[in-house]
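Structure file structure.cif (mmCIF, C-alpha atoms) is printed below.
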data_work
loop_
_atom_site.label_atom_id
_atom_site.label_comp_id
_atom_site.auth_asym_id
_atom_site.auth_seq_id
_atom_site.Cartn_x
_atom_site.Cartn_y
_atom_site.Cartn_z
CA MET A 1 -16.76 21.70 -9.91
CA GLU A 2 -19.60 20.72 -12.18
CA THR A 3 -21.18 17.35 -13.00
CA LEU A 4 -22.53 16.92 -16.52
CA VAL A 5 -24.43 13.93 -17.89
CA PHE A 6 -24.92 13.17 -21.58
CA ASP A 7 -27.02 10.36 -23.05
CA TYR A 8 -26.75 8.98 -26.56
CA ARG A 9 -29.07 6.56 -28.38
CA ASP A 10 -28.97 4.58 -31.61
CA GLY A 11 -25.39 3.42 -31.12
CA LYS A 12 -23.94 0.19 -32.42
CA PRO A 13 -23.35 -2.64 -29.95
CA VAL A 14 -19.73 -3.08 -28.93
CA PRO A 15 -18.90 -6.80 -29.30
CA ALA A 16 -18.86 -8.90 -26.11
CA SER A 17 -20.63 -6.91 -23.43
CA ASN A 18 -18.77 -8.58 -20.52
CA ARG A 19 -15.37 -7.15 -21.36
CA PRO A 20 -13.38 -5.57 -18.49
CA PRO A 21 -13.41 -1.81 -17.82
CA ALA A 22 -10.66 0.33 -19.32
CA LEU A 23 -9.04 3.42 -17.82
CA VAL A 24 -6.80 5.94 -19.56
CA GLY A 25 -5.38 9.30 -18.54
CA VAL A 26 -4.57 10.88 -15.20
CA VAL A 27 -6.39 13.43 -13.05
CA GLY A 28 -3.78 16.18 -13.42
CA SER A 29 -3.85 19.79 -14.56
CA GLY A 30 -4.98 20.05 -18.18
CA ASN A 31 -5.60 16.30 -18.22
CA LEU A 32 -8.41 13.90 -17.43
CA GLU A 33 -9.11 10.24 -16.74
CA VAL A 34 -11.65 8.31 -18.77
CA LEU A 35 -13.18 5.09 -17.45
CA VAL A 36 -15.14 2.97 -19.96
CA GLU A 37 -17.40 0.21 -18.66
CA ALA A 38 -19.91 -2.13 -20.24
CA HIS A 39 -23.28 -1.21 -18.75
CA ASP A 40 -26.81 -2.29 -19.62
CA LEU A 41 -28.46 1.00 -20.58
CA SER A 42 -31.09 -0.51 -22.91
CA GLY A 43 -28.97 0.30 -25.93
CA ALA A 44 -28.07 3.80 -24.82
CA ALA A 45 -24.67 5.18 -23.91
CA ARG A 46 -24.03 7.58 -21.06
CA VAL A 47 -21.18 9.96 -20.32
CA GLU A 48 -20.77 11.35 -16.81
CA VAL A 49 -18.31 14.21 -16.54
CA VAL A 50 -17.02 15.69 -13.29
CA THR A 51 -15.01 18.75 -14.24
CA ALA A 52 -13.09 21.42 -12.35
CA ALA A 53 -13.88 23.95 -15.08
CA THR A 54 -17.48 25.10 -14.82
CA GLY A 55 -19.62 26.55 -17.61
CA PHE A 56 -18.34 24.48 -20.54
CA ARG A 57 -21.37 22.27 -21.22
CA PRO A 58 -21.73 23.33 -24.89
CA ILE A 59 -18.06 22.50 -25.54
CA TRP A 60 -18.40 19.07 -23.91
CA GLN A 61 -21.55 18.49 -25.97
CA ALA A 62 -19.68 19.29 -29.20
CA VAL A 63 -16.66 17.11 -28.31
CA LEU A 64 -18.87 14.17 -27.27
CA ASP A 65 -21.13 14.50 -30.35
CA ASP A 66 -17.99 14.27 -32.43
CA PHE A 67 -16.84 11.20 -30.46
CA PHE A 68 -20.19 9.45 -30.92
CA ASN A 69 -20.17 10.19 -34.63
CA ARG A 70 -16.85 8.33 -34.78
CA HIS A 71 -17.55 5.39 -32.45
CA ALA A 72 -21.32 5.21 -31.75
CA PRO A 73 -21.04 2.67 -28.92
CA SER A 74 -24.07 1.40 -27.03
CA ASN A 75 -24.60 -0.09 -23.55
CA ILE A 76 -21.55 1.74 -22.34
CA LEU A 77 -20.92 4.02 -19.38
CA ILE A 78 -18.10 6.52 -19.76
CA SER A 79 -17.04 8.29 -16.56
CA ILE A 80 -14.67 11.25 -16.67
CA ASN A 81 -12.73 13.15 -14.02
CA ASP A 82 -11.45 16.31 -15.66
CA VAL A 83 -9.04 19.04 -14.57
CA GLY A 84 -9.55 21.53 -17.37
CA ALA A 85 -8.34 19.45 -20.33
CA THR A 86 -8.66 21.14 -23.72
CA PRO A 87 -11.13 19.69 -26.27
CA ALA A 88 -8.26 18.16 -28.27
CA VAL A 89 -6.97 16.31 -25.21
CA VAL A 90 -10.49 15.14 -24.33
CA SER A 91 -10.99 13.77 -27.86
CA LEU A 92 -7.63 11.99 -27.74
CA ARG A 93 -8.34 10.38 -24.36
CA LEU A 94 -11.82 9.27 -25.47
CA ASP A 95 -10.33 7.58 -28.54
CA GLN A 96 -7.58 5.97 -26.41
CA ALA A 97 -10.16 4.78 -23.89
CA MET A 98 -12.32 3.15 -26.58
CA GLU A 99 -9.26 1.54 -28.10
CA ALA A 100 -8.19 0.18 -24.69
CA PHE A 101 -11.74 -1.01 -23.97
CA LYS A 102 -11.99 -2.88 -27.25
CA ALA A 103 -8.53 -4.39 -26.60
CA GLY A 104 -9.86 -5.62 -23.26
CA GLY A 105 -8.38 -3.65 -20.39
CA ALA A 106 -6.11 -0.87 -19.22
CA ALA A 107 -3.98 0.98 -21.76
CA MET B 1 12.96 0.11 -24.57
CA SER B 2 10.11 1.56 -22.55
CA SER B 3 10.93 4.44 -20.18
CA TYR B 4 9.93 3.92 -16.55
CA TYR B 5 10.13 7.67 -15.92
CA GLU B 6 7.64 8.54 -18.63
CA ALA B 7 5.20 5.67 -18.06
CA SER B 8 2.07 5.96 -15.95
CA ALA B 9 1.89 4.01 -12.67
CA ARG B 10 -0.43 1.50 -14.34
CA GLU B 11 1.94 0.97 -17.27
CA ARG B 12 4.88 0.50 -14.89
CA LEU B 13 3.07 -2.10 -12.82
CA LEU B 14 1.80 -4.06 -15.82
CA GLY B 15 5.25 -3.96 -17.43
CA LEU B 16 7.04 -4.99 -14.26
CA LEU B 17 5.05 -8.11 -13.41
CA ASP B 18 4.81 -11.29 -15.48
CA GLU B 19 2.59 -10.61 -18.47
CA GLY B 20 -1.10 -11.00 -17.83
CA SER B 21 -0.62 -11.93 -14.16
CA PHE B 22 -1.77 -8.72 -12.45
CA GLN B 23 -5.08 -8.73 -10.62
CA GLU B 24 -6.07 -5.34 -9.27
CA ILE B 25 -7.74 -4.94 -5.89
CA LEU B 26 -10.24 -2.05 -5.71
CA PRO B 27 -9.84 -1.09 -9.39
CA PRO B 28 -11.04 2.28 -10.75
CA SER B 29 -14.48 0.79 -11.47
CA ALA B 30 -14.94 0.27 -7.70
CA ARG B 31 -14.81 4.07 -7.43
CA ILE B 32 -13.18 4.13 -3.99
CA SER B 33 -12.03 7.74 -4.22
CA SER B 34 -11.22 10.46 -1.72
CA PRO B 35 -14.18 11.79 0.27
CA HIS B 36 -12.11 14.82 1.31
CA LEU B 37 -11.34 16.13 -2.17
CA ARG B 38 -15.01 16.22 -3.13
CA GLN B 39 -15.74 18.29 -0.01
CA LEU B 40 -12.97 20.67 -1.09
CA ASP B 41 -14.53 20.87 -4.57
CA THR B 42 -11.39 19.32 -6.07
CA PRO B 43 -11.36 16.60 -8.75
CA ALA B 44 -10.74 13.09 -7.40
CA ALA B 45 -9.31 10.05 -9.19
CA PHE B 46 -11.26 6.77 -9.33
CA ASP B 47 -8.30 4.90 -7.79
CA ASP B 48 -7.14 7.77 -5.53
CA GLY B 49 -3.78 7.75 -7.28
CA ILE B 50 -2.64 4.26 -6.32
CA ILE B 51 -2.98 0.85 -7.94
CA VAL B 52 -2.76 -2.17 -5.64
CA GLY B 53 -3.04 -5.86 -6.36
CA LYS B 54 -1.39 -9.21 -6.78
CA GLY B 55 0.54 -10.85 -9.55
CA LEU B 56 3.55 -12.91 -10.43
CA LEU B 57 7.17 -11.84 -10.72
CA ASP B 58 9.51 -14.42 -12.22
CA GLY B 59 6.72 -16.92 -11.56
CA LYS B 60 6.55 -16.14 -7.85
CA PRO B 61 3.47 -14.60 -6.18
CA VAL B 62 3.91 -10.98 -5.12
CA LEU B 63 1.73 -8.14 -3.91
CA ALA B 64 2.42 -4.81 -5.56
CA ALA B 65 1.41 -1.16 -5.39
CA ALA B 66 2.14 1.72 -7.76
CA GLN B 67 1.63 5.40 -6.96
CA GLU B 68 0.62 7.76 -9.76
CA GLY B 69 2.60 10.99 -9.47
CA GLY B 70 0.45 12.69 -12.09
CA PHE B 71 -2.45 12.79 -9.62
CA MET B 72 -1.59 15.29 -6.86
CA GLY B 73 2.09 14.38 -7.01
CA GLY B 74 1.33 10.88 -5.77
CA ALA B 75 0.48 12.34 -2.39
CA VAL B 76 -0.91 10.03 0.28
CA GLY B 77 -4.51 10.77 1.21
CA GLU B 78 -6.74 8.72 3.48
CA VAL B 79 -8.00 6.28 0.83
CA HIS B 80 -4.65 6.11 -0.98
CA GLY B 81 -2.93 5.26 2.30
CA ALA B 82 -5.60 2.76 3.34
CA LYS B 83 -5.17 0.89 0.04
CA LEU B 84 -1.42 0.63 0.62
CA THR B 85 -1.75 -0.33 4.28
CA GLY B 86 -4.43 -2.87 3.36
CA LEU B 87 -2.14 -4.42 0.76
CA LEU B 88 0.70 -4.71 3.27
CA GLU B 89 -1.59 -6.26 5.88
CA ARG B 90 -2.86 -8.69 3.25
CA ALA B 91 0.76 -9.82 2.85
CA LEU B 92 0.68 -11.01 6.47
CA ASP B 93 -2.15 -13.39 5.52
CA GLU B 94 -1.09 -14.39 2.01
CA LYS B 95 2.67 -14.65 2.64
CA PRO B 96 3.76 -13.65 -0.88
CA ALA B 97 7.40 -13.94 -1.96
CA ALA B 98 7.67 -10.14 -1.64
CA VAL B 99 5.77 -6.86 -1.63
CA LEU B 100 6.82 -4.40 -4.35
CA LEU B 101 6.23 -0.68 -3.87
CA LEU B 102 6.52 1.37 -7.07
CA VAL B 103 6.74 4.67 -5.20
CA GLU B 104 6.17 8.13 -6.68
CA SER B 105 5.00 10.56 -4.04
CA GLY B 106 5.55 13.98 -2.55
CA GLY B 107 4.45 12.57 0.83
CA VAL B 108 1.30 13.42 2.76
CA ARG B 109 -1.59 14.91 0.77
CA LEU B 110 -1.86 18.11 2.77
CA HIS B 111 -5.45 18.70 1.62
CA GLU B 112 -6.39 15.79 3.83
CA ALA B 113 -4.31 16.98 6.76
CA ASN B 114 -4.42 14.62 9.73
CA ALA B 115 -6.08 11.81 7.77
CA GLY B 116 -3.08 11.82 5.42
CA LEU B 117 -0.55 12.00 8.26
CA ILE B 118 -2.20 9.09 10.05
CA ALA B 119 -2.28 7.14 6.78
CA VAL B 120 1.49 7.51 6.38
CA SER B 121 2.14 6.35 9.95
CA GLU B 122 -0.08 3.33 9.30
CA ILE B 123 1.90 2.53 6.15
CA MET B 124 5.16 2.66 8.10
CA ARG B 125 3.84 0.41 10.84
CA ALA B 126 2.52 -2.07 8.26
CA ILE B 127 5.87 -2.17 6.42
CA LEU B 128 7.64 -3.04 9.66
CA ALA B 129 5.06 -5.72 10.48
CA VAL B 130 5.52 -7.31 7.05
CA ARG B 131 9.31 -7.27 7.40
CA ALA B 132 9.07 -8.73 10.91
CA ALA B 133 7.01 -11.58 9.40
CA GLY B 134 9.96 -12.37 7.12
CA ILE B 135 8.36 -11.05 3.91
CA PRO B 136 10.68 -8.69 2.04
CA VAL B 137 9.40 -5.27 0.92
CA PHE B 138 11.19 -3.78 -2.09
CA VAL B 139 10.95 -0.20 -3.33
CA LEU B 140 11.33 0.89 -6.96
CA ASP B 141 11.89 4.63 -7.44
CA GLY B 142 12.23 6.07 -10.92
CA GLY B 143 9.16 8.24 -11.48
CA GLN B 144 8.87 11.88 -12.50
CA PHE B 145 7.92 13.13 -9.05
CA GLY B 146 10.51 11.24 -7.00
CA CYS B 147 9.80 10.02 -3.48
CA PHE B 148 9.69 12.47 -0.59
CA GLY B 149 8.19 13.23 2.79
CA GLY B 150 6.47 10.36 4.55
CA MET B 151 6.98 8.06 1.58
CA GLY B 152 10.71 8.86 1.65
CA ILE B 153 10.82 7.63 5.23
CA ALA B 154 8.60 4.64 4.45
CA SER B 155 10.89 3.66 1.57
CA ARG B 156 13.91 3.54 3.84
CA LEU B 157 12.01 1.27 6.22
CA CYS B 158 11.91 -1.37 3.49
CA ASP B 159 14.43 -4.10 2.71
CA ALA B 160 15.90 -2.47 -0.39
CA VAL B 161 15.42 0.48 -2.73
CA VAL B 162 16.24 0.31 -6.44
CA MET B 163 16.51 3.61 -8.29
CA SER B 164 17.22 4.99 -11.71
CA GLU B 165 19.30 8.14 -11.96
CA GLU B 166 16.06 9.95 -12.76
CA GLY B 167 14.42 8.84 -9.51
CA ARG B 168 14.82 11.01 -6.44
CA LEU B 169 14.67 10.08 -2.79
CA GLY B 170 14.65 12.37 0.21
CA LEU B 171 12.74 13.74 3.14
CA SER B 172 12.17 17.39 2.21
CA GLY B 173 11.94 17.97 -1.52
CA PRO B 174 13.85 20.74 -3.32
CA GLU B 175 11.06 23.34 -3.14
CA VAL B 176 10.52 22.68 0.56
CA ILE B 177 14.21 23.13 1.33
CA GLU B 178 14.36 26.34 -0.70
CA THR B 179 11.21 27.73 0.92
CA THR B 180 12.34 27.05 4.47
CA MET B 181 16.12 27.59 4.19
CA GLY B 182 16.47 30.06 1.33
CA VAL B 183 17.65 29.84 -2.25
CA GLU B 184 21.28 30.28 -1.16
CA GLU B 185 20.98 26.97 0.69
CA PHE B 186 19.30 25.07 -2.13
CA ASP B 187 18.17 26.32 -5.54
CA SER B 188 15.24 24.07 -6.47
CA ARG B 189 15.39 25.26 -10.09
CA ASP B 190 18.97 24.08 -10.50
CA ARG B 191 18.15 20.71 -12.02
CA ALA B 192 21.75 19.48 -12.01
CA LEU B 193 21.98 20.30 -8.29
CA VAL B 194 18.64 18.62 -7.56
CA TRP B 195 19.59 15.39 -9.34
CA ARG B 196 23.12 15.11 -8.02
CA THR B 197 21.85 15.69 -4.47
CA LEU B 198 18.62 13.66 -4.47
CA GLY B 199 18.92 11.47 -7.55
CA GLY B 200 19.63 7.78 -7.88
CA LYS B 201 23.38 7.98 -8.42
CA HIS B 202 24.02 9.83 -5.17
CA ARG B 203 21.62 7.60 -3.23
CA TYR B 204 23.41 4.58 -4.63
CA LEU B 205 26.84 5.93 -3.66
CA LEU B 206 25.64 6.70 -0.14
CA GLY B 207 24.27 3.16 0.15
CA GLU B 208 20.64 4.23 0.51
CA ALA B 209 19.73 2.65 -2.81
CA ALA B 210 20.82 -0.98 -3.04
CA GLY B 211 20.84 -0.89 -6.81
CA ILE B 212 20.81 1.53 -9.72
CA VAL B 213 19.37 0.78 -13.14
CA PRO B 214 18.91 2.58 -16.46
CA ASP B 215 15.54 4.25 -17.02
CA ALA B 216 13.62 1.30 -18.48
CA ILE B 217 10.71 -0.73 -17.13
CA ALA B 218 12.55 -3.92 -18.16
CA ALA B 219 15.62 -2.85 -16.14
CA PHE B 220 13.49 -2.31 -13.02
CA ARG B 221 11.87 -5.71 -13.61
CA ASP B 222 15.27 -7.40 -13.85
CA ALA B 223 16.44 -5.65 -10.67
CA ALA B 224 13.28 -6.67 -8.80
CA ILE B 225 13.75 -10.28 -9.89
CA GLY B 226 17.36 -10.08 -8.69
CA LEU B 227 16.24 -8.83 -5.28
CA LEU B 228 13.62 -11.57 -5.08
CA ARG B 229 16.19 -14.29 -5.81
CA GLN B 230 18.65 -12.97 -3.22
CA ALA B 231 16.04 -12.21 -0.57
CA GLN B 232 17.01 -13.25 2.93
CA ALA B 233 15.54 -12.64 6.35
CA PRO B 234 16.55 -9.19 7.64
CA ASP B 235 18.53 -8.82 10.85
CA LEU B 236 16.21 -6.67 12.98
CA SER B 237 18.05 -7.30 16.25
CA LEU B 238 19.03 -4.53 18.66
CA ALA B 239 22.70 -5.10 17.82
CA ALA B 240 21.98 -4.63 14.10
CA MET B 241 20.06 -1.40 14.82
CA GLN B 242 22.92 -0.07 16.94
CA ALA B 243 25.42 -0.93 14.23
CA GLU B 244 23.30 0.97 11.70
CA HIS B 245 23.18 4.00 14.01
CA ARG B 246 26.96 3.91 14.35
CA ARG B 247 27.31 3.67 10.58
CA LEU B 248 25.10 6.75 10.12
CA ALA B 249 26.99 8.69 12.83
CA ASN B 250 30.26 7.85 11.08
CA ARG B 251 28.82 8.98 7.79
CA LEU B 252 27.83 12.33 9.24
CA GLU B 253 31.28 12.76 10.75
CA ARG B 254 32.93 11.82 7.49
CA PHE B 255 30.86 13.96 5.12
CA GLY B 256 29.22 16.54 7.41
CA GLN B 257 31.46 19.36 6.19
CA CYS B 258 30.85 18.70 2.48
CA ARG B 259 28.96 21.47 0.69
CA ASP B 260 28.02 19.46 -2.39
CA ALA B 261 27.54 15.87 -3.49
CA ILE B 262 30.65 16.20 -5.66
CA ASP B 263 32.71 16.86 -2.50
CA ILE B 264 31.38 13.60 -1.05
CA TRP B 265 32.20 11.68 -4.22
CA ARG B 266 35.72 13.12 -4.20
CA SER B 267 36.26 12.09 -0.59
CA LEU B 268 35.01 8.59 -1.48
CA GLY B 269 38.07 8.42 -3.73
CA ILE B 270 36.16 8.48 -7.02
CA GLU B 271 38.18 9.81 -9.94
CA GLU B 272 36.77 12.80 -11.86
CA PRO B 273 33.75 13.10 -9.55
CA ALA B 274 32.28 16.07 -11.44
CA GLY B 275 31.82 13.83 -14.47
CA LEU B 276 29.65 11.22 -12.71
CA PRO B 277 26.25 12.73 -13.66
CA LEU B 278 27.12 12.33 -17.35
CA LEU B 279 27.95 8.62 -17.22
CA GLU B 280 25.63 5.89 -18.48
CA ILE B 281 24.67 3.48 -15.71
CA PRO B 282 27.00 0.54 -16.58
CA GLU B 283 29.99 2.90 -16.83
CA PHE B 284 28.93 4.69 -13.64
CA VAL B 285 28.68 1.41 -11.72
CA ALA B 286 32.10 0.32 -12.99
CA ARG B 287 33.72 3.68 -12.13
CA THR B 288 32.34 3.69 -8.58
CA GLN B 289 32.91 0.02 -7.78
CA ASP B 290 34.21 -0.47 -4.23
CA ARG B 291 33.89 3.29 -3.63
CA ARG B 292 30.39 3.42 -2.11
CA ALA B 293 30.02 4.81 1.40
#
Could you express the structure from this file as structure tokens?
Amino acid sequence: METLVFDYRDGKPVPASNRPPALVGVVGSGNLEVLVEAHDLSGAARVEVVTAATGFRPIWQAVLDDFFNRHAPSNILISINDVGATPAVVSLRLDQAMEAFKAGGAA
Amino acid sequence: MSSYYEASARERLLGLLDEGSFQEILPPSARISSPHLRQLDTPAAFDDGIIVGKGLLDGKPVLAAAQEGGFMGGAVGEVHGAKLTGLLERALDEKPAAVLLLVESGGVRLHEANAGLIAVSEIMRAILAVRAAGIPVFVLDGGQFGCFGGMGIASRLCDAVVMSEEGRLGLSGPEVIETTMGVEEFDSRDRALVWRTLGGKHRYLLGEAAGIVPDAIAAFRDAAIGLLRQAQAPDLSLAAMQAEHRRLANRLERFGQCRDAIDIWRSLGIEEPAGLPLLEIPEFVARTQDRRA
């Protein structure tokens, strides 16, 4: 297992910072769960990944850079429990999680 | 129509209860996850694979839990079990109209060994305490992983079980039977065999499932509302227990020589028993009316 932390700055504020957390996905083989919470990070956004597959930091970096180019949220904490999901699945879950978060709760 | 089988535990629970009424206790953001899995260097889920909370069903207050089979087969670890036991014990204080258990579990989470075994025994004790207090406990079983092991026993301690054909209920699951008894005894890869032996239709015919519904969240919701409306205090007297034991002994005597579920259905007097697995639920219920064990 490996824990990876990524910080992003210069994001756009997500409206209404007191919205409830959102969770999508399941901790199963080739899958992951993504928890999105409003969090005062002085305008930054943070992603904490706990993954069963070690040694994939550059891939996570690329997938998350791509995600932040699309959504650019700020004051958000994204927590991930991963069991070897492929980059495509990770991207999909991140998009679903943001959608659920903006809609105000669990997907 | 939204499939119960394909939905996540969270989707099932939200779809089952009155819209917008669910309040989760110890949600994922509380991060109460398994301490054992981390020690074993294994990924843990933020909710330890179970969602517990309170809500309304048909306007009545209920407590409800849903197990997520996608996380470790819904297996009961220490935290998972404590959340379920805690919910049941809360029922003793809050006196809801019912407790709903949306089960999907292979039983004890063997990674957690004794902690998981103890958790299951605590769940069983709590179910019996809730029933003794006159609060009904209803089980809904229609998930991808079925309901086996300790949760299979726990389910049968409850007031009623509602299943879809897709749900499965048993003690040892197909792989366990094959591993211990041999493939000649039970071929766990024979899906037709697995479903006609452990699936909802057979459980309904044997009387272990009180109701059978099509695979839809709305159908499970309707069935749960039906159970809630008909709920009555269980007879937990010694005489009732002895009568149940006699009923089970008679059942064994009656069907003990059968080699297959189809043999049982035939001896129940059901016409064209081999065709039962192909029937839609309304037709199946009509065909088997007054023929259940």
Restricting to all atoms listed in the file, whichever of B:Ala44, B:Cys147, B:Leu13, B:Ala30 is closest to chain A is B:Ala44
**OP:** Quick one: everything within 9 Å of region 266-269 of chain B, counting all atoms listed in the file, minus sequence neighbours fewer than 4 positions away in the same chain. Send it as a list of chain:residue names.
**Re:**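 The residues satisfying every condition are B:Leu205, B:Arg254, B:Phe255, B:Ala261, B:Ile262, B:Pro273, B:Ala274, B:Thr288, B:Arg291, B:Arg292, B:Ala293.
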Pull out every residue that the PyMOL selection byres ((chain B and resi 77) around 12) matches in the shown coordinates and put them as a PDB file with C-alpha atoms, keeping the file's coordinate frame.
ATOM      1  CA  SER B  33     -12.030   7.740  -4.220  1.00  0.00           C
ATOM      2  CA  SER B  34     -11.220  10.460  -1.720  1.00  0.00           C
ATOM      3  CA  PRO B  35     -14.180  11.790   0.270  1.00  0.00           C
ATOM      4  CA  HIS B  36     -12.110  14.820   1.310  1.00  0.00           C
ATOM      5  CA  LEU B  37     -11.340  16.130  -2.170  1.00  0.00           C
ATOM      6  CA  ALA B  44     -10.740  13.090  -7.400  1.00  0.00           C
ATOM      7  CA  ALA B  45      -9.310  10.050  -9.190  1.00  0.00           C
ATOM      8  CA  ASP B  47      -8.300   4.900  -7.790  1.00  0.00           C
ATOM      9  CA  ASP B  48      -7.140   7.770  -5.530  1.00  0.00           C
ATOM     10  CA  GLY B  49      -3.780   7.750  -7.280  1.00  0.00           C
ATOM     11  CA  ILE B  50      -2.640   4.260  -6.320  1.00  0.00           C
ATOM     12  CA  GLN B  67       1.630   5.400  -6.960  1.00  0.00           C
ATOM     13  CA  PHE B  71      -2.450  12.790  -9.620  1.00  0.00           C
ATOM     14  CA  MET B  72      -1.590  15.290  -6.860  1.00  0.00           C
ATOM     15  CA  GLY B  73       2.090  14.380  -7.010  1.00  0.00           C
ATOM     16  CA  GLY B  74       1.330  10.880  -5.770  1.00  0.00           C
ATOM     17  CA  ALA B  75       0.480  12.340  -2.390  1.00  0.00           C
ATOM     18  CA  VAL B  76      -0.910  10.030   0.280  1.00  0.00           C
ATOM     19  CA  GLU B  78      -6.740   8.720   3.480  1.00  0.00           C
ATOM     20  CA  VAL B  79      -8.000   6.280   0.830  1.00  0.00           C
ATOM     21  CA  HIS B  80      -4.650   6.110  -0.980  1.00  0.00           C
ATOM     22  CA  GLY B  81      -2.930   5.260   2.300  1.00  0.00           C
ATOM     23  CA  ALA B  82      -5.600   2.760   3.340  1.00  0.00           C
ATOM     24  CA  LYS B  83      -5.170   0.890   0.040  1.00  0.00           C
ATOM     25  CA  LEU B  84      -1.420   0.630   0.620  1.00  0.00           C
ATOM     26  CA  THR B  85      -1.750  -0.330   4.280  1.00  0.00           C
ATOM     27  CA  SER B 105       5.000  10.560  -4.040  1.00  0.00           C
ATOM     28  CA  GLY B 106       5.550  13.980  -2.550  1.00  0.00           C
ATOM     29  CA  GLY B 107       4.450  12.570   0.830  1.00  0.00           C
ATOM     30  CA  VAL B 108       1.300  13.420   2.760  1.00  0.00           C
ATOM     31  CA  ARG B 109      -1.590  14.910   0.770  1.00  0.00           C
ATOM     32  CA  LEU B 110      -1.860  18.110   2.770  1.00  0.00           C
ATOM     33  CA  HIS B 111      -5.450  18.700   1.620  1.00  0.00           C
ATOM     34  CA  GLU B 112      -6.390  15.790   3.830  1.00  0.00           C
ATOM     35  CA  ALA B 113      -4.310  16.980   6.760  1.00  0.00           C
ATOM     36  CA  ASN B 114      -4.420  14.620   9.730  1.00  0.00           C
ATOM     37  CA  ALA B 115      -6.080  11.810   7.770  1.00  0.00           C
ATOM     38  CA  GLY B 116      -3.080  11.820   5.420  1.00  0.00           C
ATOM     39  CA  LEU B 117      -0.550  12.000   8.260  1.00  0.00           C
ATOM     40  CA  ILE B 118      -2.200   9.090  10.050  1.00  0.00           C
ATOM     41  CA  ALA B 119      -2.280   7.140   6.780  1.00  0.00           C
ATOM     42  CA  VAL B 120       1.490   7.510   6.380  1.00  0.00           C
ATOM     43  CA  SER B 121       2.140   6.350   9.950  1.00  0.00           C
ATOM     44  CA  GLU B 122      -0.080   3.330   9.300  1.00  0.00           C
ATOM     45  CA  ILE B 123       1.900   2.530   6.150  1.00  0.00           C
ATOM     46  CA  GLY B 150       6.470  10.360   4.550  1.00  0.00           C
ATOM     47  CA  MET B 151       6.980   8.060   1.580  1.00  0.00           C
TER      48      MET B 151
END
Can you work out the spacing between CA of Gln61 (chain A) and CA of Ala38 (chain A) in Å, to one decimal?
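So the answer is 21.5 Å.
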**Asked** If we count all atoms listed in the file, which residues of chain B reach to within 10 Å of chain A? Please list them as JSON, numbers by chain.
**Response** {"B": [8, 9, 10, 11, 14, 27, 28, 29, 38, 40, 41, 42, 43, 44, 45, 46, 48, 49, 68, 69, 70, 71, 72, 73]}
- [ ] Starting from the displayed file, determine the output of the PyMOL selection byres ((chain A and resi 65-73) around 6) and express the residue list as a list in words.
- [x]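 So the PyMOL selection byres ((chain A and resi 65-73) around 6), applied here, picks out Gly11, Lys12, Pro13, Val14, Gln61, Ala62, Val63, Leu64 and Ser74 of chain A.
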In Å and to one decimal, CA of Arg9 (chain A) is distant from CA of Val49 (chain A) by 17.7 Å
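When only C-alpha atoms are used to measure the gap to Leu77 (chain A), the shortest distance among A:Leu92, A:Val47, A:Pro58, A:Arg19 belongs to A:Val47.
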**Q.** Target residues per the PyMOL selection byres ((chain B and resi 25) around 10), formatted as a PyMOL selection string
**A.** chain B and resi 22-24+26-28+30+51-54+65+83+87
Just C-alpha atoms for this one: save the residues we selected as a compact mmCIF listing (two decimals), in the frame of the given file.
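As written to disk, selection_14.txt reads:
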# COMPACT_ATOMS: atom_id res chain seq x y z
CA PHE B 22 -1.77 -8.72 -12.45
CA GLN B 23 -5.08 -8.73 -10.62
CA GLU B 24 -6.07 -5.34 -9.27
CA LEU B 26 -10.24 -2.05 -5.71
CA PRO B 27 -9.84 -1.09 -9.39
CA PRO B 28 -11.04 2.28 -10.75
CA ALA B 30 -14.94 0.27 -7.70
CA ILE B 51 -2.98 0.85 -7.94
CA VAL B 52 -2.76 -2.17 -5.64
CA GLY B 53 -3.04 -5.86 -6.36
CA LYS B 54 -1.39 -9.21 -6.78
CA ALA B 65 1.41 -1.16 -5.39
CA LYS B 83 -5.17 0.89 0.04
CA LEU B 87 -2.14 -4.42 0.76
List the spatial neighbours of Leu198 (chain B) as a list in words - criterion: any atom at most 7 Å away, only C-alpha atoms, same-chain residues fewer than 4 positions off excluded.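 Within the cut-off, the hits are Arg168, Leu169, Gly170, Val194, His202 and Arg203 of chain B.
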Let's have the selection written as a PDB file, in the coordinates of the input, with C-alpha atoms.
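Output file again-v3.pdb follows:
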ATOM      1  CA  ARG B 168      14.820  11.010  -6.440  1.00  0.00           C
ATOM      2  CA  LEU B 169      14.670  10.080  -2.790  1.00  0.00           C
ATOM      3  CA  GLY B 170      14.650  12.370   0.210  1.00  0.00           C
ATOM      4  CA  VAL B 194      18.640  18.620  -7.560  1.00  0.00           C
ATOM      5  CA  HIS B 202      24.020   9.830  -5.170  1.00  0.00           C
ATOM      6  CA  ARG B 203      21.620   7.600  -3.230  1.00  0.00           C
TER       7      ARG B 203
END
What separates CA of Ala129 (chain B) and CA of Met241 (chain B) is a distance of 16.2 Å
Quiz prompt | Pick from B:Glu178, B:Asp235, B:Glu89, B:Asp215, whichever lies nearest to Glu6 (chain B) using all atoms listed in the file | solution =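 Ranking B:Glu178, B:Asp235, B:Glu89, B:Asp215 by distance to Glu6 (chain B), first place goes to B:Asp215.
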### Task
Between B:Ala286, B:Ala133, B:Ala64, B:Leu56, single out the one closest to Asp93 (chain B), counting only C-alpha atoms.
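Between B:Ala286, B:Ala133, B:Ala64, B:Leu56, the residue approaching Asp93 (chain B) most closely is B:Ala133.
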